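Dropping run-v2.txt in here (compact mmCIF, C-alpha atoms):
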# COMPACT_ATOMS: atom_id res chain seq x y z
CA MET K 1 79.18 92.60 81.53
CA GLY K 2 81.89 94.60 83.26
CA ASN K 3 83.68 94.30 86.53
CA ILE K 4 81.81 95.02 89.74
CA TYR K 5 83.39 97.08 92.50
CA ASP K 6 81.83 97.20 95.97
CA TYR K 7 83.18 99.82 98.33
CA TYR K 8 82.53 99.36 102.03
CA ALA K 9 83.84 100.04 105.51
CA ALA K 10 84.94 97.61 108.21
CA THR K 11 86.70 97.93 111.54
CA ASP K 12 89.81 96.10 110.31
CA ASP K 13 91.15 93.73 107.66
CA THR K 14 89.85 90.66 109.49
CA GLN K 15 86.29 91.95 109.54
CA ALA K 16 86.59 93.16 105.95
CA LEU K 17 87.65 89.69 104.81
CA ALA K 18 84.83 88.07 106.78
CA LEU K 19 82.28 90.38 105.15
CA PHE K 20 83.84 89.82 101.74
CA GLU K 21 83.90 86.04 102.01
CA ASP K 22 80.20 86.01 102.89
CA ASP K 23 78.60 85.58 99.45
CA SER K 24 75.78 87.91 100.37
CA MET K 25 78.18 90.81 101.10
CA VAL K 26 75.92 91.81 103.97
CA ASP K 27 77.62 94.90 105.31
CA PRO K 28 76.50 96.24 108.67
CA PHE K 29 78.07 99.63 107.88
CA GLY K 30 76.59 100.26 104.45
CA THR K 31 77.90 99.12 101.08
CA LEU K 32 78.41 101.44 98.18
CA GLY K 33 78.23 99.11 95.21
CA LEU K 34 79.41 100.66 91.98
CA LYS K 35 80.06 98.99 88.67
CA GLY K 36 83.05 100.08 86.66
CA VAL K 37 84.93 102.24 89.16
CA ASP K 38 88.33 100.58 89.41
CA PRO K 39 90.28 101.77 92.47
CA TYR K 40 93.66 101.12 90.79
CA LEU K 41 92.84 103.43 87.89
CA ILE K 42 91.07 106.19 89.79
CA LEU K 43 91.82 106.48 93.48
CA GLY K 44 95.56 107.13 93.27
CA THR K 45 94.88 110.23 91.18
CA VAL K 46 92.00 111.24 93.45
CA GLU K 47 94.04 110.88 96.63
CA ALA K 48 97.00 112.73 95.12
CA HIS K 49 94.77 115.60 94.03
CA LEU K 50 92.97 115.84 97.37
CA THR K 51 96.12 115.66 99.50
CA GLY K 52 98.68 117.46 97.33
CA VAL K 53 101.15 114.57 97.23
CA SER K 54 102.35 112.73 94.14
CA GLU K 55 100.64 109.61 92.83
CA GLU K 56 103.92 107.77 93.46
CA GLN K 57 103.71 108.72 97.15
CA VAL K 58 100.08 107.57 97.29
CA GLU K 59 100.94 104.24 95.65
CA ALA K 60 103.84 103.73 98.08
CA ASP K 61 101.38 103.54 100.99
CA PRO K 62 101.17 99.82 101.91
CA ARG K 63 97.36 100.10 102.13
CA PHE K 64 96.95 101.49 98.61
CA CYS K 65 95.00 98.73 96.85
CA GLU K 66 96.72 96.08 98.98
CA LEU K 67 95.35 92.66 98.07
CA LEU K 68 93.97 91.09 101.23
CA ASN K 69 92.80 87.70 100.04
CA ASP K 70 94.64 84.87 98.29
CA PRO K 71 96.62 86.20 95.29
CA GLU K 72 96.31 82.79 93.59
CA GLN K 73 92.55 83.16 93.51
CA ASP K 74 90.94 83.91 90.12
CA GLY K 75 88.58 86.32 91.87
CA PRO K 76 86.82 87.90 93.50
CA TRP K 77 89.49 90.08 95.14
CA LEU K 78 89.52 92.37 98.15
CA VAL K 79 91.81 95.40 98.39
CA SER K 80 92.30 97.97 101.11
CA LEU K 81 92.08 101.71 100.58
CA THR K 82 94.30 104.14 102.43
CA ASP K 83 93.28 105.93 105.59
CA THR K 84 94.60 109.12 103.99
CA LEU K 85 92.07 108.74 101.17
CA ARG K 86 89.29 108.06 103.69
CA ASP K 87 90.16 111.20 105.65
CA ALA K 88 90.58 113.39 102.55
CA LEU K 89 87.24 112.28 101.11
CA ALA K 90 85.50 112.79 104.44
CA ALA K 91 86.80 116.37 104.66
CA ALA K 92 86.27 117.38 101.03
CA THR K 93 83.54 119.77 99.95
CA SER K 94 81.34 119.08 96.93
CA GLU K 95 83.23 121.76 95.03
CA ARG K 96 86.58 120.15 95.85
CA LEU K 97 85.30 116.74 94.74
CA LEU K 98 84.08 118.17 91.43
CA GLU K 99 87.48 119.82 90.95
CA THR K 100 89.15 116.47 91.69
CA ALA K 101 86.82 114.63 89.33
CA THR K 102 87.55 117.16 86.60
CA ALA K 103 91.30 116.72 87.14
CA TRP K 104 90.86 112.95 86.83
CA THR K 105 89.04 113.33 83.50
CA HIS K 106 92.20 114.98 82.16
CA THR K 107 94.28 111.85 82.84
CA GLU K 108 94.86 108.98 80.42
CA ASP K 109 92.42 106.75 82.33
CA GLY K 110 89.75 109.44 82.68
CA GLY K 111 89.89 111.03 79.26
CA GLY K 112 86.48 111.65 77.78
CA GLU K 113 84.57 110.83 80.98
CA ASP K 114 81.94 113.16 82.41
CA PRO K 115 83.39 114.84 85.53
CA ARG K 116 79.91 115.12 87.06
CA LEU K 117 79.54 111.33 87.07
CA MET K 118 82.91 110.94 88.77
CA ALA K 119 82.04 113.71 91.24
CA ASP K 120 78.81 111.86 92.09
CA PHE K 121 80.82 108.69 92.79
CA LEU K 122 83.27 110.67 94.95
CA GLU K 123 80.39 112.29 96.85
CA ARG K 124 78.98 108.87 97.68
CA LEU K 125 82.40 107.51 98.59
CA GLY K 126 82.88 110.62 100.75
CA GLU K 127 79.63 109.83 102.58
CA LEU K 128 80.93 106.34 103.28
CA ALA K 129 84.24 107.82 104.48
CA ARG K 130 82.46 110.27 106.82
CA ASP K 131 80.34 107.45 108.21
CA ALA K 132 83.43 105.27 108.68
CA GLY K 133 85.24 108.01 110.57
CA LEU K 134 88.42 107.02 112.35
CA ARG K 135 86.84 103.81 113.70
CA ARG K 136 86.66 101.98 110.37
CA ARG K 137 88.71 101.59 107.22
CA LEU K 138 87.63 101.48 103.58
CA TYR K 139 87.83 98.52 101.24
CA CYS K 140 86.92 97.55 97.69
CA GLY K 141 85.70 94.11 96.70
CA MET K 142 86.17 93.37 92.99
CA SER K 143 84.61 90.67 90.88
CA LEU K 144 84.19 89.91 87.20

Mind turning this structure into structure tokens?
Amino acid sequence: MGNIYDYYAATDDTQALALFEDDSMVDPFGTLGLKGVDPYLILGTVEAHLTGVSEEQVEADPRFCELLNDPEQDGPWLVSLTDTLRDALAAATSERLLETATAWTHTEDGGGEDPRLMADFLERLGELARDAGLRRRLYCGMSL
């Protein structure tokens, strides 16, 4: 059994934590639950490719995978995603997402993966980003 990653939107960190701490993960904005898509390993490369900045610049954003719940906890964990990623995903075309997915498959973490599967994930995350708009932020809940 692998890790489980649930991507969702909330108005702010407080609401995101409240949704996350509710065992049912009832999300009034729509949850995109995906198993095996680790934001640390994937979304820095994705954001860098979509925005044209370096991965180091992406990772310097305080919201890039910022842990929002107790760091002493053995899990589950909640991390924030950047608003820049949200906006870039919301604006990206299907072709651009496939190009980004293909670029990711040429990285150490993405080697050997099917770019169409990653593009499908990015399409669905893009839908969540478009629905979130500027009113909500994106988050990822992770559990073992």

Let me make sure I understand: among K:Leu117, K:Leu19, K:Val79, K:Ala60, which one has the smallest atom-to-atom distance to Asp38 of chain K if we use only C-alpha atoms? K:Val79

Around all the atoms of segment 60-77 of chain K listed in the file, with 5 Å of room on each side, what axis-aligned box do you get, giving centre and edge lengths in Å to one decimal, as lines of an AutoDock Vina configuration file?
center_x = 95.3
center_y = 93.3
center_z = 96.1
size_x = 27.0
size_y = 30.9
size_z = 22.0

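Distances here use only C-alpha atoms; by that measure, the residue among K:Asn69, K:Thr45, K:Ala10, K:Leu50 closest to Met142 of chain K is K:Asn69.
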
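When atom CA of Ser143 of chain K is paired with atom CA of Tyr5 of chain K, their separation reads 6.7 Å.
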
Report the distance between atom CA of Glu66 of chain K and atom CA of Ile42 of chain K in Å, rounded to one decimal place. 14.8 Å

Please, what distance in Å, to one decimal, runs between atom CA of Trp104 of chain K and atom CA of Glu127 of chain K? 19.6 Å

Anything within 8 Å of (84.7, 105.2, 93.8): list those residues as a list in words, counting all atoms listed in the file and sticking to the file's coordinates.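 Counting all atoms listed in the file, I find these residues within 8 Å of (84.7, 105.2, 93.8): Tyr7, Leu34, Val37, Asp38, Pro39, Ile42, Leu43, Met118, Phe121, Leu122, Arg124 and Leu125 of chain K.
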
Selection: 9 Å around Leu17 of chain K, only C-alpha atoms, excl. self and same-chain fewer than 5 positions, as a PyMOL selection string: chain K and resi 12+22+68-69+78

Looking at all atoms listed in the file, which of K:Glu123, K:Glu47, K:Glu56, K:Asp114 is the one that sits closest to Leu81 of chain K?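 Between K:Glu123, K:Glu47, K:Glu56, K:Asp114, the residue approaching Leu81 of chain K most closely is K:Glu47.
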
Near His49 of chain K, counting all atoms listed in the file, which residues have an atom at most 12 Å away, once you skip same-chain residues fewer than 6 positions from it, shown as a tab-separated table (two decimals) with C-alpha atoms, in the frame of the given file?
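In the end it all went to around.tsv:
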chain	number	residue	atom	x	y	z
K	42	ILE	CA	91.07	106.19	89.79
K	43	LEU	CA	91.82	106.48	93.48
K	55	GLU	CA	100.64	109.61	92.83
K	57	GLN	CA	103.71	108.72	97.15
K	58	VAL	CA	100.08	107.57	97.29
K	84	THR	CA	94.60	109.12	103.99
K	85	LEU	CA	92.07	108.74	101.17
K	88	ALA	CA	90.58	113.39	102.55
K	89	LEU	CA	87.24	112.28	101.11
K	92	ALA	CA	86.27	117.38	101.03
K	96	ARG	CA	86.58	120.15	95.85
K	97	LEU	CA	85.30	116.74	94.74
K	98	LEU	CA	84.08	118.17	91.43
K	99	GLU	CA	87.48	119.82	90.95
K	100	THR	CA	89.15	116.47	91.69
K	101	ALA	CA	86.82	114.63	89.33
K	102	THR	CA	87.55	117.16	86.60
K	103	ALA	CA	91.30	116.72	87.14
K	104	TRP	CA	90.86	112.95	86.83
K	107	THR	CA	94.28	111.85	82.84

Here is a test: counting all atoms listed in the file, which residue of K:Asp87, K:Glu108, K:Asp131, K:Glu72 is nearest to Thr11 of chain K?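 Closest residue, counting all atoms listed in the file: K:Asp131.
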
With all atoms listed in the file as the atoms that count, which of K:Ser80, K:Asp120, K:Tyr40, K:Gly75 lies nearest to Glu21 of chain K?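 Counting all atoms listed in the file, the residue closest to Glu21 of chain K is K:Gly75.
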
Which residues come within 10 Å of Asp83 of chain K, counting only C-alpha atoms, excluding same-chain residues fewer than 6 positions away, as number ranges by chain? K: 61, 63-64, 89, 129, 133-134, 136-138

Could you take the residues named above and write them with C-alpha atoms, as a PDB file, in the frame of the given file?
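Saved file again_15.pdb follows:
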ATOM      1  CA  ASP K  61     101.380 103.540 100.990  1.00  0.00           C
ATOM      2  CA  ARG K  63      97.360 100.100 102.130  1.00  0.00           C
ATOM      3  CA  PHE K  64      96.950 101.490  98.610  1.00  0.00           C
ATOM      4  CA  LEU K  89      87.240 112.280 101.110  1.00  0.00           C
ATOM      5  CA  ALA K 129      84.240 107.820 104.480  1.00  0.00           C
ATOM      6  CA  GLY K 133      85.240 108.010 110.570  1.00  0.00           C
ATOM      7  CA  LEU K 134      88.420 107.020 112.350  1.00  0.00           C
ATOM      8  CA  ARG K 136      86.660 101.980 110.370  1.00  0.00           C
ATOM      9  CA  ARG K 137      88.710 101.590 107.220  1.00  0.00           C
ATOM     10  CA  LEU K 138      87.630 101.480 103.580  1.00  0.00           C
TER      11      LEU K 138
END
